[in-house]
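See below for upload_31.csv, which holds CSV, C-alpha atoms.
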chain,number,residue,atom,x,y,z
A,1,MET,CA,-73.0,49.5,-2.4
A,2,ALA,CA,-70.0,50.8,-0.4
A,3,LYS,CA,-70.0,50.0,3.3
A,4,ILE,CA,-70.8,53.1,5.5
A,5,GLY,CA,-68.8,53.4,8.6
A,6,ARG,CA,-70.7,53.9,11.9
A,7,ASN,CA,-68.9,57.2,12.6
A,8,GLN,CA,-69.1,58.6,9.1
A,9,PRO,CA,-71.6,61.3,8.2
A,10,CYS,CA,-75.0,59.7,7.3
A,11,PRO,CA,-75.5,59.6,3.5
A,12,CYS,CA,-79.0,60.9,3.9
A,13,GLY,CA,-77.5,64.4,4.4
A,14,SER,CA,-78.8,65.0,8.0
A,15,GLY,CA,-75.4,65.9,9.2
A,16,LYS,CA,-75.5,63.3,12.0
A,17,LYS,CA,-73.3,60.3,12.3
A,18,TYR,CA,-74.6,57.3,10.5
A,19,LYS,CA,-74.9,55.3,13.7
A,20,HIS,CA,-77.3,57.9,15.1
A,21,CYS,CA,-79.3,58.4,12.0
A,22,CYS,CA,-80.1,55.7,9.5
A,23,LEU,CA,-78.1,52.8,10.8
A,24,SER,CA,-80.9,51.3,12.8
A,25,LYS,CA,-83.3,51.7,9.9
A,26,ASP,CA,-80.9,50.1,7.5
A,27,GLN,CA,-80.2,47.3,10.0
A,28,ALA,CA,-84.0,46.7,10.4
A,29,ALA,CA,-84.4,46.5,6.6
A,30,ARG,CA,-81.6,44.0,6.3
A,31,ALA,CA,-83.1,41.9,9.1
A,32,ALA,CA,-86.5,41.9,7.4
A,33,ALA,CA,-84.9,40.8,4.1
A,34,ALA,CA,-83.0,38.1,6.0
A,35,ARG,CA,-86.2,36.8,7.6
A,36,HIS,CA,-87.9,36.9,4.3
A,37,THR,CA,-85.3,34.7,2.6
A,38,LYS,CA,-84.9,32.6,5.8
A,39,GLN,CA,-81.3,33.7,6.2
A,40,HIS,CA,-79.8,34.7,9.5
A,41,LEU,CA,-77.7,37.8,9.9
A,42,PRO,CA,-74.7,37.6,12.2
A,43,ARG,CA,-75.1,39.3,15.6
A,44,ALA,CA,-73.3,42.6,16.0
A,45,ALA,CA,-69.7,42.1,17.0
A,46,PRO,CA,-68.2,43.8,20.0
A,47,SER,CA,-65.6,46.4,19.5
A,48,GLU,CA,-61.9,45.6,19.8
A,49,THR,CA,-62.2,46.4,23.5
A,50,GLY,CA,-64.9,43.7,23.9
A,51,PHE,CA,-67.7,46.2,24.6
A,52,PHE,CA,-70.5,47.2,22.3
A,53,LEU,CA,-70.2,50.7,21.1
A,54,GLY,CA,-73.0,53.1,22.0
A,55,GLU,CA,-73.4,56.8,22.0
A,56,ASP,CA,-70.5,58.4,23.8
A,57,ASP,CA,-70.0,62.0,25.1
A,58,LEU,CA,-68.4,63.0,21.8
A,59,ASP,CA,-71.3,61.8,19.8
A,60,LYS,CA,-73.8,63.5,22.1
A,61,LEU,CA,-72.0,66.8,21.8
A,62,SER,CA,-71.5,66.5,18.1
A,63,ASN,CA,-75.2,65.6,17.4
A,64,ARG,CA,-76.3,68.4,19.8
A,65,VAL,CA,-74.7,70.9,17.3
A,66,VAL,CA,-76.8,69.4,14.5
A,67,ASP,CA,-80.0,69.5,16.6
A,68,LEU,CA,-79.3,73.1,17.6
A,69,ILE,CA,-78.7,74.1,14.0
A,70,ASP,CA,-81.9,72.4,12.9
A,71,GLU,CA,-83.8,74.3,15.6
A,72,GLY,CA,-82.3,77.6,14.5
A,73,ARG,CA,-80.4,78.1,17.8
A,74,LEU,CA,-77.2,79.1,16.1
A,75,GLU,CA,-75.6,81.0,19.0
A,76,GLU,CA,-75.9,77.9,21.2
A,77,ALA,CA,-74.7,75.7,18.3
A,78,GLU,CA,-71.6,77.9,18.1
A,79,ARG,CA,-70.9,77.5,21.8
A,80,VAL,CA,-71.3,73.7,21.5
A,81,CYS,CA,-68.9,73.7,18.4
A,82,GLN,CA,-66.4,75.5,20.6
A,83,GLU,CA,-66.8,73.0,23.4
A,84,LEU,CA,-66.3,70.2,20.8
A,85,LYS,CA,-63.1,71.9,19.7
A,86,GLU,CA,-61.8,72.3,23.2
A,87,GLN,CA,-62.7,68.8,24.4
A,88,TYR,CA,-61.9,66.8,21.2
A,89,PRO,CA,-59.4,68.9,19.2
A,90,GLU,CA,-58.0,65.8,17.5
A,91,VAL,CA,-61.4,64.7,16.1
A,92,ILE,CA,-63.0,65.8,12.9
A,93,ASP,CA,-66.4,66.6,14.4
A,94,TRP,CA,-65.8,70.2,15.4
A,95,ILE,CA,-64.5,71.0,11.9
A,96,GLN,CA,-67.6,69.5,10.2
A,97,ARG,CA,-70.0,71.0,12.6
A,98,THR,CA,-68.4,74.5,12.3
A,99,ALA,CA,-68.9,74.2,8.5
A,100,MET,CA,-72.5,73.4,9.0
A,101,LEU,CA,-72.9,76.3,11.4
A,102,HIS,CA,-71.4,78.8,8.9
A,103,GLU,CA,-73.6,77.4,6.2
A,104,ALA,CA,-76.7,77.8,8.4
A,105,ARG,CA,-75.7,81.4,9.0
A,106,GLY,CA,-75.3,82.0,5.3
A,107,GLU,CA,-71.6,82.6,5.7
A,108,THR,CA,-70.8,80.8,2.4
A,109,GLN,CA,-67.0,81.4,2.2
A,110,LYS,CA,-66.4,80.4,5.8
A,111,ALA,CA,-68.5,77.2,5.3
A,112,ILE,CA,-66.5,76.4,2.2
A,113,ASP,CA,-63.2,77.0,4.1
A,114,TYR,CA,-64.3,74.6,6.9
A,115,HIS,CA,-65.5,72.0,4.4
A,116,GLU,CA,-62.1,72.2,2.8
A,117,ARG,CA,-60.5,71.7,6.2
A,118,THR,CA,-62.7,68.7,6.7
A,119,LEU,CA,-61.3,67.2,3.4
A,120,GLN,CA,-57.8,67.9,4.5
A,121,TYR,CA,-58.4,66.1,7.8
A,122,MET,CA,-59.9,63.1,5.9
A,123,ASP,CA,-56.9,63.0,3.5
A,124,ALA,CA,-54.6,63.1,6.5
A,125,HIS,CA,-56.5,60.1,8.0
A,126,PRO,CA,-57.3,58.0,5.0
A,127,GLU,CA,-57.8,54.8,7.0
A,128,ASP,CA,-60.8,56.4,8.9
A,129,PHE,CA,-62.8,57.7,5.9
A,130,GLU,CA,-64.2,56.0,2.8
A,131,GLU,CA,-64.5,57.8,-0.5
A,132,LEU,CA,-68.3,58.3,0.0
A,133,SER,CA,-67.6,60.6,3.0
A,134,ARG,CA,-65.1,62.6,1.0
A,135,GLU,CA,-67.6,62.8,-1.9
A,136,LEU,CA,-70.3,64.2,0.4
A,137,VAL,CA,-68.0,67.0,1.5
A,138,ARG,CA,-67.0,67.7,-2.1
A,139,THR,CA,-70.6,67.9,-3.1
A,140,ALA,CA,-71.3,70.4,-0.2
A,141,ILE,CA,-68.4,72.5,-1.4
A,142,ALA,CA,-69.6,72.5,-5.0
A,143,ARG,CA,-73.1,73.4,-4.0
A,144,LEU,CA,-71.9,76.3,-1.9
A,145,GLN,CA,-69.6,77.5,-4.7
A,146,GLN,CA,-72.6,77.6,-7.0
A,147,SER,CA,-74.9,79.5,-4.5
A,148,PRO,CA,-75.8,83.1,-5.2
A,149,ASP,CA,-74.0,84.3,-2.1
A,150,ALA,CA,-70.7,82.6,-3.0
A,151,PRO,CA,-67.9,85.1,-3.3
A,152,SER,CA,-66.5,85.5,-6.8

Let's see the structure in the file written out as structure tokens.
Amino acid sequence: MAKIGRNQPCPCGSGKKYKHCCLSKDQAARAAAARHTKQHLPRAAPSETGFFLGEDDLDKLSNRVVDLIDEGRLEEAERVCQELKEQYPEVIDWIQRTAMLHEARGETQKAIDYHERTLQYMDAHPEDFEELSRELVRTAIARLQQSPDAPS
């Protein structure tokens, strides 16, 4: 199985970053398997700065959009998307979250457009994104293109 980066979208489809969704569950499963086979997993390594990475303001803001969309609070989600764009214009999160917002609103073409922008960003930063992340976005685009509300 391909390694999933901590900051990549979670493969479960929640829309959250992997580190804030299934990472801990996956780590617990690996730890249980290691205990079962009497193997020891290495401790988590510090980041390049020497500090362990936790949830930062970008992550909190980005995941807030997902939570608001899940709660159906789309106007608030739009404001947080705009805040993401203003505070972190160089990061992919605001593009991905805007695609999710348009999809939640049923704005199929806009959602497709933002998913395509997400792919363009990933292609421009190939060292930051694995193929699995790109495939998740392509799958979302294909699903939206097949939806009944898709423009012809």

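Nearest residue to Pro9 of chain A, choosing from A:Ser133, A:Asn63, A:Gln87, A:Thr98 and counting only C-alpha atoms: A:Ser133.
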
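Across the structure, atom CA of Gln146 of chain A and atom CA of Gly5 of chain A are spaced 29.0 Å apart.
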
**Request:** Find, counting all atoms listed in the file, the residue in A:Ile92, A:Cys22, A:Ala142, A:Met100 that gets nearest to Tyr121 of chain A.
**Result:**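 Among A:Ile92, A:Cys22, A:Ala142, A:Met100, it is A:Ile92 that comes nearest to Tyr121 of chain A.
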
**Message:** Between atom CA of Leu119 of chain A and atom CA of Leu74 of chain A, what distance in Å does the model show, to one decimal?
**Reply:** 23.6 Å

**Message:** Would you pick out the contacts of Arg79 of chain A at 12 Å or less, using all atoms listed in the file, so that residues sharing its chain but fewer than 4 positions from it are not included, and give the list as a list of chain:residue names?
**Reply:**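 Once the adjacent positions are removed, what remains is A:Leu61, A:Ser62, A:Arg64, A:Val65, A:Leu68, A:Ile69, A:Arg73, A:Leu74, A:Glu75, A:Glu83, A:Leu84, A:Lys85, A:Glu86, A:Trp94, A:Arg97, A:Thr98, A:Leu101.
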
Take the residues from that selection and write them out as a PDB file, keeping the file's coordinate frame, keeping C-alpha atoms.
ATOM      1  CA  LEU A  61     -72.000  66.800  21.800  1.00  0.00           C
ATOM      2  CA  SER A  62     -71.500  66.500  18.100  1.00  0.00           C
ATOM      3  CA  ARG A  64     -76.300  68.400  19.800  1.00  0.00           C
ATOM      4  CA  VAL A  65     -74.700  70.900  17.300  1.00  0.00           C
ATOM      5  CA  LEU A  68     -79.300  73.100  17.600  1.00  0.00           C
ATOM      6  CA  ILE A  69     -78.700  74.100  14.000  1.00  0.00           C
ATOM      7  CA  ARG A  73     -80.400  78.100  17.800  1.00  0.00           C
ATOM      8  CA  LEU A  74     -77.200  79.100  16.100  1.00  0.00           C
ATOM      9  CA  GLU A  75     -75.600  81.000  19.000  1.00  0.00           C
ATOM     10  CA  GLU A  83     -66.800  73.000  23.400  1.00  0.00           C
ATOM     11  CA  LEU A  84     -66.300  70.200  20.800  1.00  0.00           C
ATOM     12  CA  LYS A  85     -63.100  71.900  19.700  1.00  0.00           C
ATOM     13  CA  GLU A  86     -61.800  72.300  23.200  1.00  0.00           C
ATOM     14  CA  TRP A  94     -65.800  70.200  15.400  1.00  0.00           C
ATOM     15  CA  ARG A  97     -70.000  71.000  12.600  1.00  0.00           C
ATOM     16  CA  THR A  98     -68.400  74.500  12.300  1.00  0.00           C
ATOM     17  CA  LEU A 101     -72.900  76.300  11.400  1.00  0.00           C
TER      18      LEU A 101
END

**atom CA of Cys12 of chain A to atom CA of Ser24 of chain A, distance in Å rounded to a single decimal** = 13.2 Å

**Prompt:** Contacts of Thr118 of chain A at 12 Å or less, counting only C-alpha atoms, minus same-chain residues fewer than 4 places along, as a PyMOL selection string?
**Reply:** chain A and resi 9+91-100+111-114+122-125+129+133-138+140-141

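Checking A:His115, A:Arg143, A:Lys19, A:Arg6 one by one against Asp128 of chain A, counting only C-alpha atoms, you find the shortest gap at A:Arg6.
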